[in-house]
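I have placed the structure first, in the form of structure tokens, so that the comments after it can refer back to it.
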Amino acid sequence: MVRLRSVLYGGAALAVILLLWEGYKLVGSPQGWSVNEVRLLPRADDSSMPHVWTVAERFTQPEISAEGSSSVLVAVLRAAWFSFRISLAGWLGGVLVGVALAVLMQRFRTARDALLPYVVISQTVPLVAIAPVVVGWGGQLAVLGQPWQPWMSVAVISGYLAFFPVAVGMLRGLDSPGPAQIALMQAYAASWWQTLVRLRLPASVGHLVPALRLAAAASVIGTIVAEISTGTRGGIGRLIIEYAQAATGDPARPWTAIAGAAALGLVVAALVSALDLALARFNPAGA
Amino acid sequence: MTDQSVAAVSLTGVDKTFDAGRAGAVTALSGIDLAVAPGEFVSLIGPSGCGKSTLMRLVADLERPSAGTISVFGKSAHQARLDQDYGIAFQAAGLLPWRSVRANVELPLQVHGMGRAGRAARADELLELVGLAEFAGHRPDQLSGGMQQRVAIARALAERPRLLLMDEPFGALDEMTRERMQGELVRLSTQTGCAVIFVTHSIPEAVYLSDRVVVMSPRPGRISAVVPIELSDRNEDTREEPGFFAAVTAVREALRARASVELS
């Protein structure tokens, strides 16, 4: 019931956004609205804001006029699938590293004092600054005898963004058991490992699930931005740039790629929700 | 086999000081001598800060004494903890919310590597003992506070300990539930032959439950009096007997004697 309702609400929200779009096109000035040369409202003309149905129609048409060109829908889906796989790799890597760091920081006070500031600082480094470094280092590596692939750089950058919420949320979760529960495990002469498996890990699920959501969002954004800043071809990030360059002659096309990126985000969010349901057993308080 | 000549718990000259940073050291306990016989029920009572919980935690080897020796069934407190010679319960039931009632009772057995079938059988037995057999599959948050505390007691009894350590286990319960739980605890300790060290704030509770009430006073925490309780059987009428009132008065006076010394 709850899921059906959230799907309905999600659909309604999408409909409202589309209606607002068309509504603005109806009443808005084609020149936009400016105060002292500063444009506060966008142009409502067809080349700046194509109709919703124009964008939908554009999906079904060939990508370029050349013979044998596939439809935009196929191109967008292919690019989204490419980016999805990279995001998934980045997310998985980020989650693994985040969980491992959190366990390490929970176990060793020194590790916490030494690492936690750097975990926080890591996120203040701009993505465009790490991208060339990752590409440069990656080029000198070989994984299992295979040369470094461009998508691997993108996945590493995506994981670099994804690990942070997991490390912080997981650490808080591992620290969450109360003094009575800790004393109880001590009284049982439970080892560190037993305390981790029986108490700290299950107790951390309530903190981990929201962290996994944040990590999923971060990995998608990381993938799209990293595709652009490393110049990796094939993904939705690159497609947005390519289509945007065609905007003057073909104003609906950039919006298809943007819609594809939004759909990618929704799919990833839905997958994390499924994971949330699978872990619900450990999380009686949260829904 | 219980060797009647070896004390369940024996503390000799025990001091405990906590390092309080810049404030220097705080003496929580000073010169504690106490012996608890096998099967004996001993309550620790006293105002906040008298170190009664610390004393219990020392016996449990959750804290180490600064001086003196503690032995549990003739072993060091550390060895007794490793050997699971005691069961323990706190004011907060401390049940794991993601586990069923049964799985909560099984927790210590699981930690100590008992097989699945053995655990299930023992958990059923214990839940029967505390009268919660039909709640085995429930989640802790579906249970009342009193029922949760009964699960915690069943869990404490899981390893068939000969010693139970309880830190105000009924402190958060209402008066009616509390009296019923006291009756159950007396029954359980008689049935299992456990020695019990029971920390409490409540004079009637200490008197009702105990063979001896140890009265403690703060700053530094020490034992100021030991009041033996001579009541025959515990039942619903016990709390209305003259002997009960006399014992309550005796404990209260022992507590007040210390308080007046403190004030003067």
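Lettering and numbering for the structure tokens are positional, with chains as A, B, ... in the shown order, residues counted from 1 in each chain, and ligands counted from 1 in the shown order.
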
- Task: Dump as an MDAnalysis selection string the residues of chain A that approach chain B to within 6 Å, counting only C-alpha atoms.
- Result: chainID A and resid 180:181 189 282

Surrounding residues of range 45-52 of chain A excluding itself and chain neighbours under 2 positions, 8 Å, only C-alpha atoms, as a PDB file with N, CA and C atoms, in the first residue's frame:
ATOM      1  N   LEU A  18       5.450  18.868 -15.453  1.00  0.00           N
ATOM      2  CA  LEU A  18       5.171  19.041 -16.880  1.00  0.00           C
ATOM      3  C   LEU A  18       4.122  20.135 -17.101  1.00  0.00           C
ATOM      4  N   TRP A  21       5.647  23.511 -16.630  1.00  0.00           N
ATOM      5  CA  TRP A  21       6.456  23.794 -17.830  1.00  0.00           C
ATOM      6  C   TRP A  21       5.561  24.370 -18.933  1.00  0.00           C
ATOM      7  N   GLU A  22       4.501  23.630 -19.258  1.00  0.00           N
ATOM      8  CA  GLU A  22       3.598  24.066 -20.317  1.00  0.00           C
ATOM      9  C   GLU A  22       2.851  25.348 -19.925  1.00  0.00           C
ATOM     10  N   LYS A  25       5.051  28.245 -20.434  1.00  0.00           N
ATOM     11  CA  LYS A  25       5.156  28.519 -21.875  1.00  0.00           C
ATOM     12  C   LYS A  25       3.948  29.312 -22.371  1.00  0.00           C
ATOM     13  N   SER A  29       6.654  35.383 -21.317  1.00  0.00           N
ATOM     14  CA  SER A  29       7.053  36.135 -22.507  1.00  0.00           C
ATOM     15  C   SER A  29       8.134  35.361 -23.247  1.00  0.00           C
ATOM     16  N   PRO A  30       8.088  35.367 -24.583  1.00  0.00           N
ATOM     17  CA  PRO A  30       9.135  34.686 -25.348  1.00  0.00           C
ATOM     18  C   PRO A  30      10.519  35.292 -25.096  1.00  0.00           C
ATOM     19  N   GLN A  31      10.536  36.573 -24.648  1.00  0.00           N
ATOM     20  CA  GLN A  31      11.832  37.206 -24.378  1.00  0.00           C
ATOM     21  C   GLN A  31      12.280  36.998 -22.930  1.00  0.00           C
ATOM     22  N   PRO A  42      13.105  32.766 -17.497  1.00  0.00           N
ATOM     23  CA  PRO A  42      13.672  32.334 -18.781  1.00  0.00           C
ATOM     24  C   PRO A  42      12.754  32.661 -19.953  1.00  0.00           C
ATOM     25  N   ARG A  43      13.327  32.657 -21.143  1.00  0.00           N
ATOM     26  CA  ARG A  43      12.549  32.822 -22.373  1.00  0.00           C
ATOM     27  C   ARG A  43      11.590  31.640 -22.500  1.00  0.00           C
ATOM     28  N   THR A  54       6.995  17.909 -27.979  1.00  0.00           N
ATOM     29  CA  THR A  54       8.069  17.969 -28.965  1.00  0.00           C
ATOM     30  C   THR A  54       9.250  17.115 -28.501  1.00  0.00           C
ATOM     31  N   VAL A  55       9.556  17.238 -27.204  1.00  0.00           N
ATOM     32  CA  VAL A  55      10.663  16.453 -26.649  1.00  0.00           C
ATOM     33  C   VAL A  55      10.328  14.966 -26.741  1.00  0.00           C
ATOM     34  N   ALA A  56       9.080  14.624 -26.400  1.00  0.00           N
ATOM     35  CA  ALA A  56       8.664  13.216 -26.442  1.00  0.00           C
ATOM     36  C   ALA A  56       8.768  12.696 -27.874  1.00  0.00           C
ATOM     37  N   ALA A 247      21.837  22.407 -29.780  1.00  0.00           N
ATOM     38  CA  ALA A 247      20.602  23.020 -29.297  1.00  0.00           C
ATOM     39  C   ALA A 247      20.024  24.070 -30.233  1.00  0.00           C
ATOM     40  N   THR A 248      20.873  24.835 -30.908  1.00  0.00           N
ATOM     41  CA  THR A 248      20.351  25.909 -31.762  1.00  0.00           C
ATOM     42  C   THR A 248      19.491  25.355 -32.884  1.00  0.00           C
ATOM     43  N   ASP A 250      18.328  22.196 -33.040  1.00  0.00           N
ATOM     44  CA  ASP A 250      17.514  21.050 -32.631  1.00  0.00           C
ATOM     45  C   ASP A 250      17.205  21.184 -31.141  1.00  0.00           C
ATOM     46  N   PRO A 251      16.370  22.189 -30.773  1.00  0.00           N
ATOM     47  CA  PRO A 251      16.214  22.554 -29.355  1.00  0.00           C
ATOM     48  C   PRO A 251      15.654  21.427 -28.472  1.00  0.00           C
ATOM     49  N   ALA A 252      14.939  20.465 -29.014  1.00  0.00           N
ATOM     50  CA  ALA A 252      14.347  19.415 -28.175  1.00  0.00           C
ATOM     51  C   ALA A 252      15.372  18.371 -27.758  1.00  0.00           C
TER      52      ALA A 252
END

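Each of B:Thr238, B:Ser210, B:Ser48, B:Gln142 was compared to Ser189 in chain B using only C-alpha atoms, and B:Ser210 turns out to be the nearest.
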
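Running DSSP on the backbone and keeping only strand (DSSP E or B), the residues of range 77-285 of chain A that qualify are Ala142, Val143, Gln146 and Pro147 of chain A.
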
Name all residues at most 8 Å from Gly145 in chain B (count only C-alpha atoms; drop same-chain ones fewer than 3 positions away) and give them as a PDB file with C-alpha atoms, in the first residue's frame.
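Output (selection.pdb):
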ATOM      1  CA  GLN B 148      11.024  -6.843  28.359  1.00  0.00           C
ATOM      2  CA  GLN B 149      12.722  -7.036  31.724  1.00  0.00           C
ATOM      3  CA  ALA B 172      11.891   1.764  35.398  1.00  0.00           C
ATOM      4  CA  LEU B 173       8.770  -0.283  36.175  1.00  0.00           C
TER       5      LEU B 173
END

- Identify, on the basis of only C-alpha atoms, every residue whose closest approach to Gly235 in chain A does not exceed 10 Å; exclude the query and any residue fewer than 5 positions from it along the same chain; express the result as a ChimeraX atom specification. /A:75-86,151,223-224,227-228,240,261

Could you please take those selected residues and save C-alpha atoms as an mmCIF file, in the first residue's frame?
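Output file again-v8.cif follows:
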data_model
loop_
_atom_site.group_PDB
_atom_site.id
_atom_site.type_symbol
_atom_site.label_atom_id
_atom_site.label_comp_id
_atom_site.auth_asym_id
_atom_site.auth_seq_id
_atom_site.Cartn_x
_atom_site.Cartn_y
_atom_site.Cartn_z
ATOM 1 C CA ALA A 75 20.885 6.502 -28.082
ATOM 2 C CA VAL A 76 19.751 7.893 -24.731
ATOM 3 C CA LEU A 77 18.983 4.440 -23.327
ATOM 4 C CA ARG A 78 22.344 3.122 -24.468
ATOM 5 C CA ALA A 79 24.144 6.074 -22.880
ATOM 6 C CA ALA A 80 22.097 5.789 -19.661
ATOM 7 C CA TRP A 81 22.867 2.063 -19.430
ATOM 8 C CA PHE A 82 26.571 2.810 -19.881
ATOM 9 C CA SER A 83 26.464 5.410 -17.105
ATOM 10 C CA PHE A 84 24.314 3.170 -14.913
ATOM 11 C CA ARG A 85 26.909 0.411 -14.934
ATOM 12 C CA ILE A 86 29.671 2.875 -14.078
ATOM 13 C CA TRP A 151 35.334 4.044 -17.682
ATOM 14 C CA THR A 223 29.593 9.571 -12.956
ATOM 15 C CA ILE A 224 27.916 12.240 -15.070
ATOM 16 C CA GLU A 227 32.334 11.617 -17.826
ATOM 17 C CA ILE A 228 32.323 15.255 -18.803
ATOM 18 C CA ILE A 240 24.215 15.941 -22.556
ATOM 19 C CA ALA A 261 19.841 11.515 -16.742
#

- Just asking: which residues within range 23-250 of chain B are alpha helix (DSSP H) according to DSSP, as a PyMOL selection string? chain B and resi 52-59+77-82+101-111+116-129+145-156+175-192+203-209+242-250

- Contacts of Val272 in chain A at 12 Å or less, counting only C-alpha atoms, minus same-chain residues fewer than 4 places along, as a ChimeraX atom specification? /A:88,91-92,208-217,265-268,276-279

- Message: Between CA of Ser217 in chain B and CA of Gly46 in chain B, what distance in Å does the model show, to one decimal?
- Response: 5.9 Å

- Could you give me, as a PyMOL selection string, the residues within 7 Å of Pro38 in chain B, counting only C-alpha atoms and dropping anything in the same chain fewer than 2 positions from it? chain B and resi 4+7-8+36+40+195

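Residues surrounding Gly138 in chain A within 9 Å are Val133, Pro147, Trp148, Gln149, Pro150, Met152 and Ser153 of chain A [only C-alpha atoms; sequence separation below 5 positions excluded].
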
Mind dumping the selected residues with C-alpha atoms as a PDB file, in the first residue's frame?
ATOM      1  CA  VAL A 133      44.957  12.952 -11.497  1.00  0.00           C
ATOM      2  CA  PRO A 147      45.001  -2.065 -19.444  1.00  0.00           C
ATOM      3  CA  TRP A 148      43.184   0.710 -17.625  1.00  0.00           C
ATOM      4  CA  GLN A 149      39.898   1.607 -19.319  1.00  0.00           C
ATOM      5  CA  PRO A 150      38.543   5.180 -19.431  1.00  0.00           C
ATOM      6  CA  MET A 152      37.437   2.887 -14.724  1.00  0.00           C
ATOM      7  CA  SER A 153      38.585   6.464 -14.091  1.00  0.00           C
TER       8      SER A 153
END

- Message: Could you tell me how far CA of Thr195 in chain A sits from CA of Ala123 in chain B, in Å to one decimal place?
- Response: 20.6 Å

For range 74-170 of chain B versus range 178-183 of chain B, which residues have an atom no more than 10 Å away, and what is each residue's nearest atom pair and distance in Å rounded to one decimal, using only C-alpha atoms, chain-then-number order, as a Markdown table?
| residue | atom | partner | partner_atom | distance |
| --- | --- | --- | --- | --- |
| B:Val130 | CA | B:Met181 | CA | 9.8 |
| B:Gly146 | CA | B:Met181 | CA | 7.6 |
| B:Met147 | CA | B:Met181 | CA | 9.4 |
| B:Gln149 | CA | B:Met181 | CA | 8.9 |
| B:Arg150 | CA | B:Met181 | CA | 7.9 |
| B:Pro169 | CA | B:Arg178 | CA | 9.5 |
| B:Phe170 | CA | B:Arg178 | CA | 6.0 |

Can you spit out the residues from that selection as an mmCIF file, in the first residue's frame, using C-alpha atoms?
data_model
loop_
_atom_site.group_PDB
_atom_site.id
_atom_site.type_symbol
_atom_site.label_atom_id
_atom_site.label_comp_id
_atom_site.auth_asym_id
_atom_site.auth_seq_id
_atom_site.Cartn_x
_atom_site.Cartn_y
_atom_site.Cartn_z
ATOM 1 C CA VAL B 130 9.600 -16.445 32.971
ATOM 2 C CA GLY B 146 7.901 -5.540 32.604
ATOM 3 C CA MET B 147 7.839 -8.220 29.928
ATOM 4 C CA GLN B 149 12.722 -7.036 31.724
ATOM 5 C CA ARG B 150 11.577 -10.652 32.109
ATOM 6 C CA PRO B 169 16.485 -4.139 36.891
ATOM 7 C CA PHE B 170 13.038 -3.007 38.066
#
